[in-house]
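Here is the file upload23.tsv (TSV, C-alpha atoms (C1' of nucleotides)).
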```tsv
chain	number	residue	atom	x	y	z
A	1	MET	CA	0.00	0.00	0.00
A	2	SER	CA	1.25	3.42	-0.86
A	3	TYR	CA	1.95	6.03	1.74
A	4	PRO	CA	-1.10	8.05	2.70
A	5	PHE	CA	-0.27	11.66	1.90
A	6	PHE	CA	-3.11	12.99	3.95
A	7	GLN	CA	-4.11	11.63	7.30
A	8	LEU	CA	-7.10	12.88	9.18
A	9	SER	CA	-6.50	13.85	12.79
A	10	LYS	CA	-8.07	11.57	15.36
A	11	LYS	CA	-10.23	14.46	16.41
A	12	SER	CA	-11.76	15.02	12.99
A	13	GLY	CA	-12.11	11.31	12.43
A	14	TYR	CA	-13.94	10.92	15.73
A	15	ALA	CA	-16.13	13.88	14.91
A	16	VAL	CA	-17.20	12.47	11.57
A	17	ARG	CA	-17.85	9.09	13.10
A	18	ALA	CA	-19.88	10.53	15.96
A	19	LEU	CA	-22.06	12.54	13.59
A	20	PHE	CA	-22.30	9.52	11.33
A	21	GLU	CA	-23.54	7.52	14.29
A	22	LEU	CA	-26.13	10.15	15.10
A	23	VAL	CA	-27.47	9.93	11.57
A	24	LEU	CA	-27.36	6.17	11.64
A	25	LYS	CA	-29.45	5.99	14.80
A	26	GLY	CA	-31.82	8.44	13.20
A	27	THR	CA	-33.83	9.10	16.32
A	28	SER	CA	-35.35	12.46	17.08
A	29	ALA	CA	-34.48	11.91	20.73
A	30	PRO	CA	-31.04	13.07	21.87
A	31	VAL	CA	-28.29	10.49	22.16
A	32	ASN	CA	-25.96	10.77	25.10
A	33	VAL	CA	-22.22	10.94	24.86
A	34	ARG	CA	-21.63	7.59	26.48
A	35	ARG	CA	-23.70	5.75	23.92
A	36	LEU	CA	-22.05	7.56	21.06
A	37	ALA	CA	-18.62	6.90	22.50
A	38	LYS	CA	-19.35	3.24	23.02
A	39	ALA	CA	-20.93	2.78	19.62
A	40	GLN	CA	-17.93	4.24	17.82
A	41	ASP	CA	-15.24	3.27	20.31
A	42	ILE	CA	-14.14	6.81	21.06
A	43	PRO	CA	-12.61	7.97	24.38
A	44	ILE	CA	-15.59	9.47	26.10
A	45	ARG	CA	-14.00	12.56	27.59
A	46	PHE	CA	-12.38	13.42	24.31
A	47	LEU	CA	-15.67	13.02	22.55
A	48	GLU	CA	-17.29	15.42	24.98
A	49	ILE	CA	-14.83	18.09	23.98
A	50	ILE	CA	-15.37	17.38	20.32
A	51	LEU	CA	-19.15	17.49	20.60
A	52	ASN	CA	-18.89	20.75	22.44
A	53	GLU	CA	-16.91	22.19	19.55
A	54	LEU	CA	-19.37	20.78	17.06
A	55	LYS	CA	-22.08	22.53	19.00
A	56	GLN	CA	-20.25	25.84	18.68
A	57	GLY	CA	-20.03	25.14	14.97
A	58	GLY	CA	-23.74	24.63	14.68
A	59	PHE	CA	-23.54	20.97	13.75
A	60	VAL	CA	-25.31	19.61	16.80
A	61	LEU	CA	-27.63	20.71	19.54
A	62	SER	CA	-27.26	19.61	23.13
A	63	VAL	CA	-29.99	18.80	25.56
A	64	ARG	CA	-29.02	18.90	29.20
A	65	GLY	CA	-30.42	17.01	32.11
A	66	LYS	CA	-31.51	13.52	32.80
A	67	SER	CA	-32.56	12.27	29.41
A	68	GLY	CA	-30.35	14.67	27.53
A	69	GLY	CA	-27.71	14.16	24.88
A	70	TYR	CA	-26.90	15.40	21.44
A	71	LEU	CA	-28.81	15.61	18.19
A	72	LEU	CA	-28.12	16.97	14.75
A	73	ALA	CA	-28.71	20.68	14.35
A	74	LYS	CA	-29.59	20.32	10.66
A	75	PRO	CA	-30.61	17.66	8.17
A	76	ALA	CA	-27.97	15.07	7.38
A	77	ASP	CA	-27.98	16.00	3.73
A	78	GLU	CA	-26.90	19.53	4.57
A	79	ILE	CA	-23.75	18.54	6.44
A	80	THR	CA	-20.71	17.65	4.41
A	81	VAL	CA	-17.58	15.98	5.66
A	82	GLY	CA	-15.64	18.94	4.37
A	83	GLN	CA	-17.56	21.34	6.56
A	84	ILE	CA	-16.82	19.24	9.62
A	85	ILE	CA	-13.11	18.92	8.96
A	86	ARG	CA	-12.70	22.53	7.97
A	87	PHE	CA	-14.42	23.72	11.10
A	88	LEU	CA	-12.45	21.54	13.47
A	89	GLU	CA	-9.10	21.93	11.83
A	90	LYS	CA	-9.03	25.63	11.28
A	91	ASN	CA	-6.91	27.58	13.71
A	92	PRO	CA	-7.44	31.26	14.43
A	93	GLU	CA	-3.91	32.37	13.59
A	94	SER	CA	-3.93	31.06	10.06
A	95	ASP	CA	-6.63	33.57	9.26
A	96	ALA	CA	-4.29	36.47	9.78
A	97	PRO	CA	-2.39	37.29	6.59
A	98	SER	CA	1.32	36.72	7.08
A	99	LEU	CA	3.26	39.94	6.93
A	100	GLU	CA	6.44	38.31	5.72
A	101	GLN	CA	7.23	38.49	2.06
A	102	PRO	CA	7.10	34.92	0.81
A	103	HIS	CA	10.04	33.56	-1.10
A	104	PRO	CA	9.46	32.96	-4.82
A	105	GLY	CA	10.26	29.29	-4.31
A	106	GLU	CA	7.24	29.04	-2.06
A	107	PHE	CA	4.99	29.76	-4.98
A	108	ILE	CA	5.85	26.53	-6.70
A	109	ILE	CA	4.77	24.76	-3.54
A	110	LYS	CA	1.73	26.91	-3.09
A	111	ARG	CA	0.53	26.28	-6.61
A	112	LEU	CA	0.87	22.56	-6.10
A	113	MET	CA	-0.89	22.62	-2.76
A	114	ASP	CA	-3.71	24.71	-4.18
A	115	ASN	CA	-4.30	22.02	-6.76
A	116	VAL	CA	-4.22	19.31	-4.14
A	117	ASN	CA	-6.60	21.12	-1.84
A	118	ASP	CA	-9.05	21.86	-4.60
A	119	CYS	CA	-9.04	18.18	-5.30
A	120	ILE	CA	-9.62	17.21	-1.68
A	121	SER	CA	-12.30	19.82	-1.42
A	122	GLY	CA	-13.97	18.27	-4.44
A	123	ILE	CA	-14.31	15.04	-2.53
A	124	CYS	CA	-15.01	16.22	1.01
A	125	ASP	CA	-17.33	19.08	0.22
A	126	ASN	CA	-19.50	16.87	-1.93
A	127	LEU	CA	-19.96	14.07	0.52
A	128	THR	CA	-22.81	14.53	2.97
A	129	LEU	CA	-23.44	12.55	6.10
A	130	GLU	CA	-26.58	11.22	4.55
A	131	GLU	CA	-24.70	9.87	1.57
A	132	MET	CA	-22.15	8.27	3.84
A	133	VAL	CA	-24.83	6.49	5.80
A	134	LYS	CA	-26.70	5.43	2.66
A	135	GLU	CA	-23.57	3.98	1.20
A	136	TYR	CA	-22.73	2.28	4.46
A	137	GLN	CA	-26.14	0.68	4.69
A	138	THR	CA	-26.19	-0.63	1.14
A	139	ASN	CA	-22.65	-1.97	1.36
A	140	GLN	CA	-22.81	-3.14	4.90
A	141	GLU	CA	-21.82	-6.71	4.06
A	142	SER	CA	-18.51	-5.63	2.64
A	143	PHE	CA	-17.84	-3.32	5.55
A	144	VAL	CA	-18.48	-6.10	7.98
A	145	SER	CA	-16.49	-8.68	6.07
A	146	ASN	CA	-13.60	-6.26	6.06
A	147	TYR	CA	-14.02	-5.92	9.78
A	148	VAL	CA	-13.87	-9.62	10.50
A	149	ILE	CA	-11.01	-10.64	8.19
B	1	MET	CA	-9.83	31.56	1.10
B	2	SER	CA	-10.97	28.17	2.22
B	3	TYR	CA	-9.08	26.17	4.76
B	4	PRO	CA	-6.25	24.11	3.32
B	5	PHE	CA	-7.02	20.52	4.17
B	6	PHE	CA	-3.54	19.35	3.40
B	7	GLN	CA	-0.44	21.23	4.34
B	8	LEU	CA	2.98	20.06	3.35
B	9	SER	CA	5.50	19.85	6.17
B	10	LYS	CA	8.29	22.40	6.01
B	11	LYS	CA	10.68	19.54	5.52
B	12	SER	CA	8.99	18.21	2.42
B	13	GLY	CA	8.49	21.70	1.09
B	14	TYR	CA	12.15	22.49	1.55
B	15	ALA	CA	13.11	19.22	-0.08
B	16	VAL	CA	11.04	19.88	-3.17
B	17	ARG	CA	12.36	23.40	-3.42
B	18	ALA	CA	15.98	22.30	-3.02
B	19	LEU	CA	15.62	19.68	-5.73
B	20	PHE	CA	13.77	22.20	-7.86
B	21	GLU	CA	16.69	24.56	-7.44
B	22	LEU	CA	19.14	21.84	-8.45
B	23	VAL	CA	17.20	21.29	-11.66
B	24	LEU	CA	16.88	25.01	-12.25
B	25	LYS	CA	20.62	25.52	-12.03
B	26	GLY	CA	21.01	22.59	-14.37
B	27	THR	CA	24.74	22.28	-13.94
B	28	SER	CA	26.51	18.97	-14.01
B	29	ALA	CA	28.80	20.24	-11.27
B	30	PRO	CA	27.68	19.69	-7.69
B	31	VAL	CA	26.03	22.55	-5.86
B	32	ASN	CA	26.91	23.00	-2.23
B	33	VAL	CA	24.42	23.23	0.56
B	34	ARG	CA	25.08	26.84	1.33
B	35	ARG	CA	24.22	27.99	-2.15
B	36	LEU	CA	21.09	25.90	-2.23
B	37	ALA	CA	20.04	27.16	1.16
B	38	LYS	CA	20.62	30.75	0.19
B	39	ALA	CA	18.90	30.42	-3.16
B	40	GLN	CA	15.75	29.00	-1.62
B	41	ASP	CA	15.97	30.68	1.78
B	42	ILE	CA	16.12	27.47	3.77
B	43	PRO	CA	17.86	27.08	7.17
B	44	ILE	CA	21.15	25.57	6.19
B	45	ARG	CA	21.49	23.03	8.99
B	46	PHE	CA	18.02	21.75	8.39
B	47	LEU	CA	18.69	21.49	4.69
B	48	GLU	CA	21.79	19.41	5.42
B	49	ILE	CA	19.65	16.89	7.24
B	50	ILE	CA	17.12	16.86	4.45
B	51	LEU	CA	19.70	16.40	1.71
B	52	ASN	CA	21.22	13.58	3.66
B	53	GLU	CA	17.86	11.87	3.74
B	54	LEU	CA	17.33	12.53	0.06
B	55	LYS	CA	20.64	10.87	-0.57
B	56	GLN	CA	19.52	7.76	1.30
B	57	GLY	CA	16.45	7.80	-0.88
B	58	GLY	CA	18.49	7.87	-4.05
B	59	PHE	CA	17.33	11.30	-5.14
B	60	VAL	CA	20.72	13.01	-4.97
B	61	LEU	CA	24.38	12.17	-4.94
B	62	SER	CA	26.83	13.92	-2.70
B	63	VAL	CA	30.35	14.83	-3.59
B	64	ARG	CA	32.63	15.48	-0.66
B	65	GLY	CA	35.61	17.71	-0.44
B	66	LYS	CA	36.55	21.13	-1.57
B	67	SER	CA	34.38	21.60	-4.63
B	68	GLY	CA	31.79	19.15	-3.49
B	69	GLY	CA	28.09	19.49	-3.11
B	70	TYR	CA	24.97	17.75	-4.25
B	71	LEU	CA	23.62	16.77	-7.63
B	72	LEU	CA	20.61	14.90	-8.90
B	73	ALA	CA	20.97	11.15	-8.89
B	74	LYS	CA	18.64	10.73	-11.85
B	75	PRO	CA	17.14	12.79	-14.64
B	76	ALA	CA	14.67	15.47	-13.58
B	77	ASP	CA	11.88	13.89	-15.57
B	78	GLU	CA	12.16	10.71	-13.55
B	79	ILE	CA	11.60	12.34	-10.18
B	80	THR	CA	8.06	13.15	-9.18
B	81	VAL	CA	6.96	15.33	-6.33
B	82	GLY	CA	4.97	12.41	-5.00
B	83	GLN	CA	8.09	10.27	-4.73
B	84	ILE	CA	9.84	12.95	-2.73
B	85	ILE	CA	7.00	13.54	-0.29
B	86	ARG	CA	6.27	9.87	0.12
B	87	PHE	CA	9.86	9.09	0.91
B	88	LEU	CA	10.34	11.87	3.44
B	89	GLU	CA	7.01	11.54	5.15
B	90	LYS	CA	6.90	7.81	5.62
B	91	ASN	CA	7.76	6.58	9.06
B	92	PRO	CA	9.03	3.08	9.74
B	93	GLU	CA	6.35	2.14	12.24
B	94	SER	CA	3.44	2.72	9.91
B	95	ASP	CA	4.72	-0.12	7.76
B	96	ALA	CA	4.03	-2.66	10.44
B	97	PRO	CA	0.48	-3.92	10.20
B	98	SER	CA	-1.48	-2.92	13.29
B	99	LEU	CA	-2.48	-5.92	15.31
B	100	GLU	CA	-5.54	-4.25	16.75
B	101	GLN	CA	-8.87	-5.04	15.24
B	102	PRO	CA	-10.09	-1.80	13.68
B	103	HIS	CA	-13.55	-0.60	14.58
B	104	PRO	CA	-16.14	-0.79	11.78
B	105	GLY	CA	-16.62	2.96	12.03
B	106	GLU	CA	-13.03	3.40	10.94
B	107	PHE	CA	-13.86	1.95	7.59
B	108	ILE	CA	-16.07	4.85	6.64
B	109	ILE	CA	-13.12	7.10	7.35
B	110	LYS	CA	-10.67	4.83	5.61
B	111	ARG	CA	-12.74	4.66	2.48
B	112	LEU	CA	-12.93	8.43	2.35
B	113	MET	CA	-9.22	8.85	2.98
B	114	ASP	CA	-8.40	6.28	0.32
B	115	ASN	CA	-10.32	8.37	-2.18
B	116	VAL	CA	-8.59	11.51	-1.08
B	117	ASN	CA	-5.16	9.96	-1.24
B	118	ASP	CA	-5.74	8.48	-4.65
B	119	CYS	CA	-6.65	11.94	-5.75
B	120	ILE	CA	-3.56	13.53	-4.25
B	121	SER	CA	-1.47	10.78	-5.73
B	122	GLY	CA	-2.94	11.58	-9.11
B	123	ILE	CA	-1.52	15.06	-8.85
B	124	CYS	CA	1.76	14.50	-7.05
B	125	ASP	CA	2.83	11.32	-8.78
B	126	ASN	CA	2.29	12.87	-12.18
B	127	LEU	CA	4.26	16.02	-11.61
B	128	THR	CA	7.98	15.72	-12.28
B	129	LEU	CA	10.65	18.18	-11.27
B	130	GLU	CA	11.28	18.86	-14.91
B	131	GLU	CA	7.66	19.84	-15.48
B	132	MET	CA	7.75	22.08	-12.45
B	133	VAL	CA	10.79	23.91	-13.72
B	134	LYS	CA	9.40	24.19	-17.25
B	135	GLU	CA	6.19	25.66	-15.94
B	136	TYR	CA	8.08	28.00	-13.68
B	137	GLN	CA	10.24	29.26	-16.50
B	138	THR	CA	7.39	29.91	-18.91
B	139	ASN	CA	5.27	31.61	-16.26
B	140	GLN	CA	8.05	33.39	-14.50
B	141	GLU	CA	6.49	36.81	-14.93
B	142	SER	CA	3.40	35.84	-13.02
B	143	PHE	CA	5.45	34.20	-10.29
B	144	VAL	CA	7.51	37.31	-9.88
B	145	SER	CA	4.55	39.64	-9.98
B	146	ASN	CA	2.97	37.56	-7.27
B	147	TYR	CA	6.16	37.87	-5.31
B	148	VAL	CA	6.30	41.63	-5.50
B	149	ILE	CA	2.57	42.11	-5.02
C	1	DA	C1'	49.21	20.89	5.09
C	2	DG	C1'	45.27	23.62	4.71
C	3	DT	C1'	40.68	24.42	3.66
C	4	DA	C1'	36.12	23.78	2.07
C	5	DT	C1'	32.90	20.67	2.27
C	6	DT	C1'	29.99	16.77	3.48
C	7	DC	C1'	28.63	13.80	7.23
C	8	DC	C1'	26.98	12.51	11.80
C	9	DG	C1'	25.06	12.19	16.39
C	10	DA	C1'	23.15	14.48	19.95
C	11	DC	C1'	20.54	18.09	21.63
C	12	DT	C1'	16.71	21.64	22.33
C	13	DA	C1'	12.55	24.11	21.91
C	14	DT	C1'	8.00	24.63	20.58
C	15	DA	C1'	3.66	23.32	19.17
C	16	DA	C1'	0.08	20.17	18.09
C	17	DT	C1'	-2.33	16.18	19.23
C	18	DA	C1'	-4.69	13.23	22.16
C	19	DA	C1'	-6.32	12.57	25.79
C	20	DT	C1'	-7.61	12.58	31.30
C	21	DG	C1'	-9.51	14.44	35.82
C	22	DA	C1'	-12.38	16.89	39.13
C	23	DG	C1'	-16.15	19.12	40.05
C	24	DG	C1'	-20.19	22.19	38.98
C	25	DA	C1'	-24.65	23.25	36.46
C	26	DT	C1'	-28.96	21.57	34.57
C	27	DT	C1'	-32.80	18.77	34.10
C	28	DA	C1'	-36.12	14.78	34.18
C	29	DA	C1'	-38.11	11.47	36.79
C	30	DG	C1'	-39.29	9.09	41.14
D	1	DC	C1'	-37.51	17.35	47.26
D	2	DT	C1'	-34.22	14.20	46.11
D	3	DT	C1'	-31.56	11.79	43.09
D	4	DA	C1'	-29.44	10.23	39.13
D	5	DA	C1'	-28.24	11.17	34.57
D	6	DT	C1'	-26.35	14.29	31.75
D	7	DC	C1'	-23.91	18.20	29.79
D	8	DC	C1'	-20.37	21.87	30.80
D	9	DT	C1'	-16.07	24.17	32.15
D	10	DC	C1'	-11.48	24.54	33.42
D	11	DA	C1'	-7.29	22.53	34.19
D	12	DT	C1'	-3.65	19.14	33.63
D	13	DT	C1'	-0.91	15.61	31.47
D	14	DA	C1'	1.33	12.56	28.02
D	15	DT	C1'	2.94	11.70	23.65
D	16	DT	C1'	4.47	12.79	19.26
D	17	DA	C1'	5.83	15.69	15.43
D	18	DT	C1'	8.08	19.59	13.82
D	19	DA	C1'	11.71	22.60	13.13
D	20	DG	C1'	15.41	23.47	14.00
D	21	DT	C1'	20.65	24.07	16.45
D	22	DC	C1'	25.46	22.77	17.88
D	23	DG	C1'	29.92	20.93	17.64
D	24	DG	C1'	32.97	18.33	15.63
D	25	DA	C1'	34.72	14.29	12.69
D	26	DA	C1'	35.69	12.53	8.14
D	27	DT	C1'	36.86	13.39	3.49
D	28	DA	C1'	38.66	15.19	-0.69
D	29	DC	C1'	40.50	18.70	-3.48
D	30	DT	C1'	44.43	22.17	-4.16
```
Could you take the file, read its structure, and then write that structure out as structure tokens?
Amino acid sequence: MSYPFFQLSKKSGYAVRALFELVLKGTSAPVNVRRLAKAQDIPIRFLEIILNELKQGGFVLSVRGKSGGYLLAKPADEITVGQIIRFLEKNPESDAPSLEQPHPGEFIIKRLMDNVNDCISGICDNLTLEEMVKEYQTNQESFVSNYVI
Amino acid sequence: MSYPFFQLSKKSGYAVRALFELVLKGTSAPVNVRRLAKAQDIPIRFLEIILNELKQGGFVLSVRGKSGGYLLAKPADEITVGQIIRFLEKNPESDAPSLEQPHPGEFIIKRLMDNVNDCISGICDNLTLEEMVKEYQTNQESFVSNYVI
DNA sequence: AGTATTCCGACTATAATAATGAGGATTAAG
DNA sequence: CTTAATCCTCATTATTATAGTCGGAATACT
């Protein structure tokens, strides 16, 4: 297998999987963190932090109290994987334009990376949670057989 | 501007730029590290380390002694950007197959990442140093105008 | 011999990533 | 009202990756 150029951070991976799980359950009732964490095998405390961020980002709503938990803030076909990753991975500083004059050599890299990122964007921004779940459900056999191996 | 999903490490960026510079100079005589570092504005010590690695990878040859330096180990049209990045970014451990049974949820991520990486590979493995230099030379005005801003 | 150069191992510093821990606030249900 | 389940907030820690730096040894040309 060839080297994976791009690896998703655990955080973003967990986030996508947690939201995926929410869609998969498809209940209108909130799902609590523990269940989500168990279902997707994610460290629970870490997932709490992630869900909190996702709430800030408007991806989920939280319901507090005894039978509380999390639920999607919008329909599954309006949330793309790209949106999730972008939101979680962006850091405040990178927004500020760098004052330093870039070296000409950096442009050859920049041009390349722009191409690459357009290409990634083409995949991630066009894949919704709903599509992921649909594909998962229709191909479940192959997913599971992969799992067992 | 949208968030860049994929950012090249400084190391890989420097490596590509150093090799690019070697091709650009196009001499058959070795170029020493200092000149390369100055030409591409790369920390010289760091570049030494990188060139050493690139030598292990068969990308460059080193010539020691007074008029020594580095030169390409193969023609510029036989070195792709993908090869360079792959070689530098791979770590030994990731070769070993993980013994842990992956969670089914990881497959939805894996499938996505496989798509993404195929796509990146399509760009990086089809771009040779020679092509980069050719494109740079024909479009030099625009590069420079970008530089000046 | 002298000098420019590569080569090499160790070292540091910083930041990002990936969690973990303790306790408080909120709410539903008994 | 009490209690248990749940989210929420702040802090701390551990690990790894990144981006270098330092000093000197080995080598080869002149």
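Residues with any atom within 10 Å of Val31 in chain A, counting all atoms listed in the file and excluding same-chain neighbours fewer than 5 positions away, are Glu21, Leu22, Lys25, Gly26, Leu36, Ser62, Val63, Ser67, Gly68, Gly69, Tyr70, Leu71 and Leu72 of chain A.
Distance-wise, CA of Ile120 in chain A and CA of Glu141 in chain A end up 27.5 Å apart.
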Contact set, chain C to chain A: 9 Å, only C-alpha atoms (C1' of nucleotides), as a ChimeraX atom specification: /C:17-20,26-29
Between CA of Phe107 in chain A and CA of Met132 in chain B, distance in Å (one decimal): 11.1 Å
Interface residues on chain A facing chain B, 8 Å, all atoms listed in the file, written as number ranges by chain: A: 3-8, 13, 16-17, 40-41, 85-86, 90, 101-109, 113-117, 119-121, 123, 132, 136, 143-144, 147
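Nearest residue to chain D among A:Ala15, A:Arg34, A:Leu129, A:Leu24 is A:Arg34, counting all atoms listed in the file.
Distances here use all atoms listed in the file; by that measure, the residue among A:Asn139, A:Glu48, A:Leu19, A:Ser28 closest to DT6 in chain D is A:Glu48.
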For chain D versus chain A, which residues have an atom no more than 10 Å away, and what is each residue's nearest atom pair and distance in Å rounded to one decimal, using all atoms listed in the file, chain-then-number order, as CSV?
```
residue,atom,partner,partner_atom,distance
D:DA4,C1',A:Lys66,CA,7.4
D:DA5,C1',A:Lys66,CA,4.4
D:DT6,C1',A:Gly65,CA,4.9
D:DC7,C1',A:Arg64,CA,5.2
D:DC8,C1',A:Asn52,CA,8.6
```
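For the atom pair formed by CA of Gln137 in chain A and CA of Leu54 in chain A, the distance is 24.6 Å, given to one decimal.
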Contacts of Glu130 in chain A within 8 Å, all atoms listed in the file, excl. fewer than 5 positions in-chain, as number ranges by chain: A: 23, 76-77
Give me the residues near DA16 in chain C as a compact mmCIF listing (two decimals) with C-alpha atoms (C1' of nucleotides), keeping the file's coordinate frame, where near means some atom within 10 Å (using all atoms listed in the file) and where sequence neighbours in that chain fewer than 6 positions away do not count.
```
# COMPACT_ATOMS: atom_id res chain seq x y z
C1' DT D 16 4.47 12.79 19.26
C1' DA D 17 5.83 15.69 15.43
C1' DT D 18 8.08 19.59 13.82
```
